[in-house]
Amino acid sequence: MNGEATLRDGTPVAADRTYKTCTVQDLLSLEGNTTVITGGGRGIGLALAFAVAQAGSNVAVIDALLEPHEDFAELKNFGIKAKYYKVDVTEHAQIIGVFRAIADEFSGIDGCITAAGIVLDKPFLEHGWDETMKVQMVNQMGTFFCAQEAAKHMKSRGKGSIIMISSIAATMAIPAQTMPAYGASKAFVKSLSVHLGVELGPFNIRVNSISPGYIRTDMTAKVGLQSPRLLELFTDAPPMKKMGERTDLMGAAVYLLSEASAYTTASDMMITGGLHAGRFD
Ligand SMILES: NC(=O)c1ccc[n+]([C@@H]2O[C@H](COP(=O)([O-])OP(=O)(O)OC[C@H]3O[C@@H](n4cnc5c(N)ncnc54)[C@H](O)[C@@H]3O)[C@@H](O)[C@H]2O)c1
């Protein structure tokens with residue numbers, strides 16, 4: 001047989017050698033992108049806003065807070081455009097409106113991180129209807145419909161990447177910390193990213209989740225105040241014997257948004273100091 005074997009689109013089957021010229025820095029660059037971050041007014045979402053801004057992306061933050069944390073103002077120092085939108089992700093009309101406004105003001109949406117979330121830490125038998133419903137509304141419905149709006153805008157441009165912030169609580173529970181509604185809502189998020197990764201793959205929209213372990217934020221500080229025993233657990237249980245920092249999530253977010261992960265979808269990245277694989281004590 002003569003000639004060269006080709007793929008359906010005419011690309012030669014023979015392995016390409018662009019690895020010699022393309023740089024890891026180029027693959028990880030988000031230069032010229034626009035990334036929407038829900039729950040980016042503080043906490044993990046705000047740290048991820050700094051990560052994507054450093055990588056060159058404009059940032060549109062959606063959060064229910066009246067004002068974002070004071071550090072938000074420093075995002076502009078990276079030479080990108082950053083704008084804050086006060087929106088409640090449990091309000092469908094607000095979600096549709098804000099994604100439309102962002103797509104107009106930033107000329108499109110390339111990436112989206114859904115980090116808005118709330119926790120409910122109490123025994124199963126004490127969970128009330130309204131507070132449990134609130135967790136599902138923010139963590140599940142908010143994530144679902146923000147991702148839906150992001151995907152609509154990405155589909156019209158033929159590409160995009162969505163990262164959903166799940167949690168180690170999606171896959172494991174520890175007796176000292178009772179949060180069945182929260183854990184189940186994060187399992188929803190993790191499963192959603194698998195389903196969307198498969199459904200949106202043909203549109204070149206990638207969907208992945210990040211499952212952090214115990215990360216130092218205001219959320220964990222509050223839990224620690226209520227229970228010193230829990231705070232001890234946060235540092236003792238992970239095999240790496242420490243809590244995670246928000247900086248531990250920054251590289252993963254940039255990787256999953258960028259071309260460096262162009263063939264990665266429907267996957268979950270567990271950033272837990274090893275806790276998902278085994279508990280130290
Ligand atoms: N901190 C951790 O250890 C940890 C671990 C695993 C997963 N997570 C997840 O990471 C995400 C961020 O957590 P964090 O620790 O930074 O908490 P955080 O409370 O500091 O940040 C959550 C943000 O979501 C916003 N938010 C809440 N309800 C909203 C609503 N209805 N509409 C819009 N915004 C809303 C809050 O205003 C806040 O800015 C959450 O989804 C959380 O479940 C956190």
# chains A, B, ... in the order shown; residues from 1 in each chain; ligands from 1
$ residues_around --residues "Ala47 (chain A)" --least-positions-apart "2" --cutoff "10 Å" --atoms "only C-alpha atoms" --output "list of chain:residue names"
A:Gly40, A:Gly41, A:Arg42, A:Gly43, A:Ile44, A:Gly45, A:Ala49, A:Phe50, A:Ala51, A:Val52, A:Ala53, A:Asp71, A:Phe72, A:Glu245, A:Arg246, A:Thr247, A:Asp248, A:Leu249, A:Met250
$ residues_around --residues "Met141 (chain A)" --least-positions-apart "3" --cutoff "9 Å" --atoms "only C-alpha atoms" --output "VMD selection string"
chain A and resid 89 to 90 92 136 to 138 144 to 146
$ residues_near_ligand --ligand "ligand 1" --cutoff "6 Å" --atoms "only C-alpha atoms and all ligand atoms" --output "JSON list (two decimals) with C-alpha atoms, in the first residue's frame"
[["chain", "number", "residue", "atom", "x", "y", "z"],
["A", 39, "GLY", "CA", -18.67, 32.84, 44.19],
["A", 40, "GLY", "CA", -15.51, 34.78, 43.34],
["A", 41, "GLY", "CA", -16.26, 37.61, 45.76],
["A", 42, "ARG", "CA", -14.06, 35.97, 48.39],
["A", 43, "GLY", "CA", -12.58, 32.62, 49.44],
["A", 44, "ILE", "CA", -11.49, 30.01, 46.91],
["A", 45, "GLY", "CA", -13.28, 31.76, 44.03],
["A", 63, "ASP", "CA", -21.41, 36.72, 43.80],
["A", 64, "ALA", "CA", -24.28, 37.49, 46.16],
["A", 65, "LEU", "CA", -22.11, 39.70, 48.40],
["A", 87, "VAL", "CA", -26.08, 38.21, 41.52],
["A", 88, "ASP", "CA", -27.85, 35.46, 43.44],
["A", 89, "VAL", "CA", -27.22, 32.15, 41.67],
["A", 90, "THR", "CA", -30.54, 30.77, 42.95],
["A", 115, "ALA", "CA", -17.40, 28.12, 43.05],
["A", 116, "ALA", "CA", -20.49, 29.64, 44.69],
["A", 117, "GLY", "CA", -21.51, 27.30, 47.47],
["A", 118, "ILE", "CA", -22.79, 27.09, 51.02],
["A", 138, "VAL", "CA", -27.18, 27.28, 45.73],
["A", 165, "ILE", "CA", -15.91, 23.14, 42.41],
["A", 166, "SER", "CA", -17.08, 19.95, 44.09],
["A", 167, "SER", "CA", -15.59, 18.70, 47.37],
["A", 212, "PRO", "CA", -10.74, 20.18, 47.34],
["A", 213, "GLY", "CA", -10.14, 18.74, 50.79],
["A", 214, "TYR", "CA", -9.87, 21.07, 53.78],
["A", 215, "ILE", "CA", -8.75, 24.45, 52.44],
["A", 216, "ARG", "CA", -8.13, 27.43, 54.71],
["A", 217, "THR", "CA", -10.91, 29.99, 53.98],
["A", 218, "ASP", "CA", -13.57, 31.91, 55.92],
["A", 219, "MET", "CA", -15.84, 28.89, 55.41],
["A", 220, "THR", "CA", -13.45, 26.56, 57.25]]
$ atom_distance --atom1 "CA of Met179 (chain A)" --atom2 "CA of His127 (chain A)"
9.3 Å
$ residues_around --residues "Gly158 (chain A)" --least-positions-apart "4" --cutoff "12 Å" --atoms "only C-alpha atoms" --output "PDB file with all heavy atoms, in the first residue's frame"
ATOM      1  N   GLY A 108     -17.747  37.772  24.671  1.00  0.00           N
ATOM      2  CA  GLY A 108     -17.710  36.307  24.720  1.00  0.00           C
ATOM      3  C   GLY A 108     -17.217  35.765  26.052  1.00  0.00           C
ATOM      4  O   GLY A 108     -16.719  36.512  26.897  1.00  0.00           O
ATOM      5  N   ILE A 109     -17.406  34.458  26.205  1.00  0.00           N
ATOM      6  CA  ILE A 109     -16.991  33.784  27.441  1.00  0.00           C
ATOM      7  C   ILE A 109     -16.188  32.538  27.057  1.00  0.00           C
ATOM      8  O   ILE A 109     -16.667  31.702  26.292  1.00  0.00           O
ATOM      9  CB  ILE A 109     -18.231  33.364  28.278  1.00  0.00           C
ATOM     10  CG1 ILE A 109     -18.990  34.612  28.754  1.00  0.00           C
ATOM     11  CG2 ILE A 109     -17.829  32.485  29.467  1.00  0.00           C
ATOM     12  CD1 ILE A 109     -20.353  34.320  29.376  1.00  0.00           C
ATOM     13  N   ASP A 110     -14.964  32.422  27.561  1.00  0.00           N
ATOM     14  CA  ASP A 110     -14.109  31.269  27.244  1.00  0.00           C
ATOM     15  C   ASP A 110     -14.098  30.234  28.357  1.00  0.00           C
ATOM     16  O   ASP A 110     -13.962  29.041  28.106  1.00  0.00           O
ATOM     17  CB  ASP A 110     -12.668  31.751  27.004  1.00  0.00           C
ATOM     18  CG  ASP A 110     -12.607  32.797  25.920  1.00  0.00           C
ATOM     19  OD1 ASP A 110     -12.610  32.408  24.750  1.00  0.00           O
ATOM     20  OD2 ASP A 110     -12.579  34.007  26.249  1.00  0.00           O
ATOM     21  N   ALA A 151     -22.363  27.451  28.897  1.00  0.00           N
ATOM     22  CA  ALA A 151     -22.254  26.543  27.747  1.00  0.00           C
ATOM     23  C   ALA A 151     -22.957  27.106  26.511  1.00  0.00           C
ATOM     24  O   ALA A 151     -22.473  26.940  25.387  1.00  0.00           O
ATOM     25  CB  ALA A 151     -22.829  25.179  28.114  1.00  0.00           C
ATOM     26  N   LYS A 152     -24.086  27.795  26.708  1.00  0.00           N
ATOM     27  CA  LYS A 152     -24.786  28.393  25.556  1.00  0.00           C
ATOM     28  C   LYS A 152     -23.864  29.380  24.846  1.00  0.00           C
ATOM     29  O   LYS A 152     -23.762  29.386  23.624  1.00  0.00           O
ATOM     30  CB  LYS A 152     -26.033  29.159  26.031  1.00  0.00           C
ATOM     31  CG  LYS A 152     -27.240  28.291  26.291  1.00  0.00           C
ATOM     32  CD  LYS A 152     -28.414  29.190  26.698  1.00  0.00           C
ATOM     33  CE  LYS A 152     -29.494  28.377  27.375  1.00  0.00           C
ATOM     34  NZ  LYS A 152     -30.468  29.207  28.071  1.00  0.00           N
ATOM     35  N   HIS A 153     -23.207  30.236  25.645  1.00  0.00           N
ATOM     36  CA  HIS A 153     -22.330  31.242  25.041  1.00  0.00           C
ATOM     37  C   HIS A 153     -21.090  30.589  24.427  1.00  0.00           C
ATOM     38  O   HIS A 153     -20.613  31.009  23.376  1.00  0.00           O
ATOM     39  CB  HIS A 153     -21.942  32.303  26.074  1.00  0.00           C
ATOM     40  CG  HIS A 153     -23.115  33.164  26.460  1.00  0.00           C
ATOM     41  ND1 HIS A 153     -23.584  34.183  25.652  1.00  0.00           N
ATOM     42  CD2 HIS A 153     -23.931  33.131  27.531  1.00  0.00           C
ATOM     43  CE1 HIS A 153     -24.643  34.753  26.232  1.00  0.00           C
ATOM     44  NE2 HIS A 153     -24.875  34.130  27.379  1.00  0.00           N
ATOM     45  N   MET A 154     -20.574  29.544  25.082  1.00  0.00           N
ATOM     46  CA  MET A 154     -19.384  28.857  24.556  1.00  0.00           C
ATOM     47  C   MET A 154     -19.714  28.121  23.254  1.00  0.00           C
ATOM     48  O   MET A 154     -18.918  28.103  22.315  1.00  0.00           O
ATOM     49  CB  MET A 154     -18.859  27.858  25.590  1.00  0.00           C
ATOM     50  CG  MET A 154     -18.236  28.521  26.805  1.00  0.00           C
ATOM     51  SD  MET A 154     -17.969  27.332  28.131  1.00  0.00           S
ATOM     52  CE  MET A 154     -17.165  28.378  29.353  1.00  0.00           C
ATOM     53  N   LEU A 200     -21.225  17.630  26.154  1.00  0.00           N
ATOM     54  CA  LEU A 200     -20.732  18.844  25.476  1.00  0.00           C
ATOM     55  C   LEU A 200     -19.407  18.628  24.743  1.00  0.00           C
ATOM     56  O   LEU A 200     -18.934  19.530  24.045  1.00  0.00           O
ATOM     57  CB  LEU A 200     -20.598  19.991  26.491  1.00  0.00           C
ATOM     58  CG  LEU A 200     -21.889  20.371  27.245  1.00  0.00           C
ATOM     59  CD1 LEU A 200     -21.621  21.483  28.253  1.00  0.00           C
ATOM     60  CD2 LEU A 200     -22.989  20.801  26.263  1.00  0.00           C
ATOM     61  N   GLY A 201     -18.836  17.425  24.870  1.00  0.00           N
ATOM     62  CA  GLY A 201     -17.568  17.117  24.182  1.00  0.00           C
ATOM     63  C   GLY A 201     -17.608  17.424  22.694  1.00  0.00           C
ATOM     64  O   GLY A 201     -16.708  18.076  22.163  1.00  0.00           O
ATOM     65  N   PRO A 202     -18.675  17.001  21.983  1.00  0.00           N
ATOM     66  CA  PRO A 202     -18.728  17.257  20.534  1.00  0.00           C
ATOM     67  C   PRO A 202     -18.741  18.745  20.194  1.00  0.00           C
ATOM     68  O   PRO A 202     -18.456  19.118  19.064  1.00  0.00           O
ATOM     69  CB  PRO A 202     -20.047  16.598  20.114  1.00  0.00           C
ATOM     70  CG  PRO A 202     -20.353  15.598  21.184  1.00  0.00           C
ATOM     71  CD  PRO A 202     -19.793  16.162  22.443  1.00  0.00           C
ATOM     72  N   PHE A 203     -19.091  19.606  21.154  1.00  0.00           N
ATOM     73  CA  PHE A 203     -19.087  21.056  20.895  1.00  0.00           C
ATOM     74  C   PHE A 203     -17.762  21.692  21.310  1.00  0.00           C
ATOM     75  O   PHE A 203     -17.642  22.913  21.368  1.00  0.00           O
ATOM     76  CB  PHE A 203     -20.242  21.733  21.654  1.00  0.00           C
ATOM     77  CG  PHE A 203     -21.581  21.143  21.343  1.00  0.00           C
ATOM     78  CD1 PHE A 203     -22.338  20.546  22.343  1.00  0.00           C
ATOM     79  CD2 PHE A 203     -22.077  21.153  20.049  1.00  0.00           C
ATOM     80  CE1 PHE A 203     -23.577  19.977  22.058  1.00  0.00           C
ATOM     81  CE2 PHE A 203     -23.308  20.584  19.752  1.00  0.00           C
ATOM     82  CZ  PHE A 203     -24.061  19.996  20.748  1.00  0.00           C
ATOM     83  N   ASN A 204     -16.799  20.848  21.655  1.00  0.00           N
ATOM     84  CA  ASN A 204     -15.484  21.337  22.090  1.00  0.00           C
ATOM     85  C   ASN A 204     -15.581  22.148  23.393  1.00  0.00           C
ATOM     86  O   ASN A 204     -14.822  23.083  23.609  1.00  0.00           O
ATOM     87  CB  ASN A 204     -14.837  22.167  20.967  1.00  0.00           C
ATOM     88  CG  ASN A 204     -13.342  22.288  21.140  1.00  0.00           C
ATOM     89  OD1 ASN A 204     -12.718  21.471  21.829  1.00  0.00           O
ATOM     90  ND2 ASN A 204     -12.754  23.323  20.562  1.00  0.00           N
ATOM     91  N   ILE A 205     -16.559  21.795  24.199  1.00  0.00           N
ATOM     92  CA  ILE A 205     -16.680  22.409  25.531  1.00  0.00           C
ATOM     93  C   ILE A 205     -16.285  21.336  26.542  1.00  0.00           C
ATOM     94  O   ILE A 205     -16.910  20.269  26.599  1.00  0.00           O
ATOM     95  CB  ILE A 205     -18.116  22.900  25.809  1.00  0.00           C
ATOM     96  CG1 ILE A 205     -18.529  23.937  24.770  1.00  0.00           C
ATOM     97  CG2 ILE A 205     -18.217  23.481  27.228  1.00  0.00           C
ATOM     98  CD1 ILE A 205     -19.995  24.343  24.845  1.00  0.00           C
ATOM     99  N   ARG A 206     -15.234  21.607  27.294  1.00  0.00           N
ATOM    100  CA  ARG A 206     -14.747  20.643  28.283  1.00  0.00           C
ATOM    101  C   ARG A 206     -15.330  20.983  29.656  1.00  0.00           C
ATOM    102  O   ARG A 206     -15.485  22.159  29.995  1.00  0.00           O
ATOM    103  CB  ARG A 206     -13.219  20.653  28.333  1.00  0.00           C
ATOM    104  CG  ARG A 206     -12.583  20.245  26.998  1.00  0.00           C
ATOM    105  CD  ARG A 206     -11.073  20.204  27.054  1.00  0.00           C
ATOM    106  NE  ARG A 206     -10.473  21.508  27.263  1.00  0.00           N
ATOM    107  CZ  ARG A 206      -9.950  21.914  28.407  1.00  0.00           C
ATOM    108  NH1 ARG A 206      -9.937  21.113  29.479  1.00  0.00           N
ATOM    109  NH2 ARG A 206      -9.425  23.119  28.516  1.00  0.00           N
TER     110      ARG A 206
END
$ closest_residue --among "A:Val59, A:Ala176, A:Ala82, A:Ile210" --to "Pro228 (chain A)" --atoms "only C-alpha atoms"
A:Ala176
$ residues_around --residues "Ile102 (chain A)" --least-positions-apart "6" --cutoff "12 Å" --atoms "only C-alpha atoms" --output "mmCIF file with C-alpha atoms, in the first residue's frame"
data_model
loop_
_atom_site.group_PDB
_atom_site.id
_atom_site.type_symbol
_atom_site.label_atom_id
_atom_site.label_comp_id
_atom_site.auth_asym_id
_atom_site.auth_seq_id
_atom_site.Cartn_x
_atom_site.Cartn_y
_atom_site.Cartn_z
ATOM 1 C CA THR A 34 -12.650 35.864 29.580
ATOM 2 C CA THR A 35 -13.396 33.699 32.612
ATOM 3 C CA VAL A 36 -16.580 33.895 34.677
ATOM 4 C CA ILE A 37 -16.210 32.878 38.323
ATOM 5 C CA ASN A 58 -10.204 38.909 31.953
ATOM 6 C CA VAL A 59 -12.370 38.077 34.950
ATOM 7 C CA ALA A 60 -16.099 38.506 35.527
ATOM 8 C CA VAL A 61 -17.040 37.631 39.090
ATOM 9 C CA ILE A 62 -20.597 36.746 40.092
ATOM 10 C CA LYS A 81 -10.348 43.698 32.780
ATOM 11 C CA ALA A 82 -12.125 42.649 35.986
ATOM 12 C CA LYS A 83 -15.748 43.336 36.825
ATOM 13 C CA TYR A 84 -17.949 42.380 39.762
ATOM 14 C CA TYR A 85 -21.623 41.450 39.324
ATOM 15 C CA ILE A 95 -28.272 34.123 35.943
ATOM 16 C CA ILE A 96 -29.522 34.470 32.361
ATOM 17 C CA GLY A 108 -17.710 36.307 24.720
ATOM 18 C CA ILE A 109 -16.991 33.784 27.441
ATOM 19 C CA ASP A 110 -14.109 31.269 27.244
ATOM 20 C CA GLY A 111 -14.080 29.787 30.728
ATOM 21 C CA CYS A 112 -16.337 29.419 33.730
ATOM 22 C CA GLU A 149 -25.698 29.734 30.445
ATOM 23 C CA ALA A 150 -21.909 29.501 30.136
ATOM 24 C CA HIS A 153 -22.330 31.242 25.041
#
$ select_by_dssp --residues "region 121-180 of chain A" --states "strand (DSSP E or B)" --output "number ranges by chain"
A: 160-165, 174, 177
$ atom_distance --atom1 "CA of Ile174 (chain A)" --atom2 "CA of Leu233 (chain A)"
9.6 Å
$ select_by_dssp --residues "region 2-216 of chain A" --states "alpha helix (DSSP H)" --output "PyMOL selection string"
chain A and resi 24-28+43-54+92-105+129-135+143-157+180-200
$ closest_residue --among "A:Ala73, A:Ala173, A:Ala277, A:Leu257" --to "Ser29 (chain A)" --atoms "only C-alpha atoms"
A:Leu257
$ atom_distance --atom1 "CA of Ile271 (chain A)" --atom2 "CA of Asn139 (chain A)"
19.2 Å
$ closest_residue --among "A:Ala101, A:Ala5, A:Leu120, A:Val254" --to "Pro180 (chain A)" --atoms "only C-alpha atoms"
A:Leu120
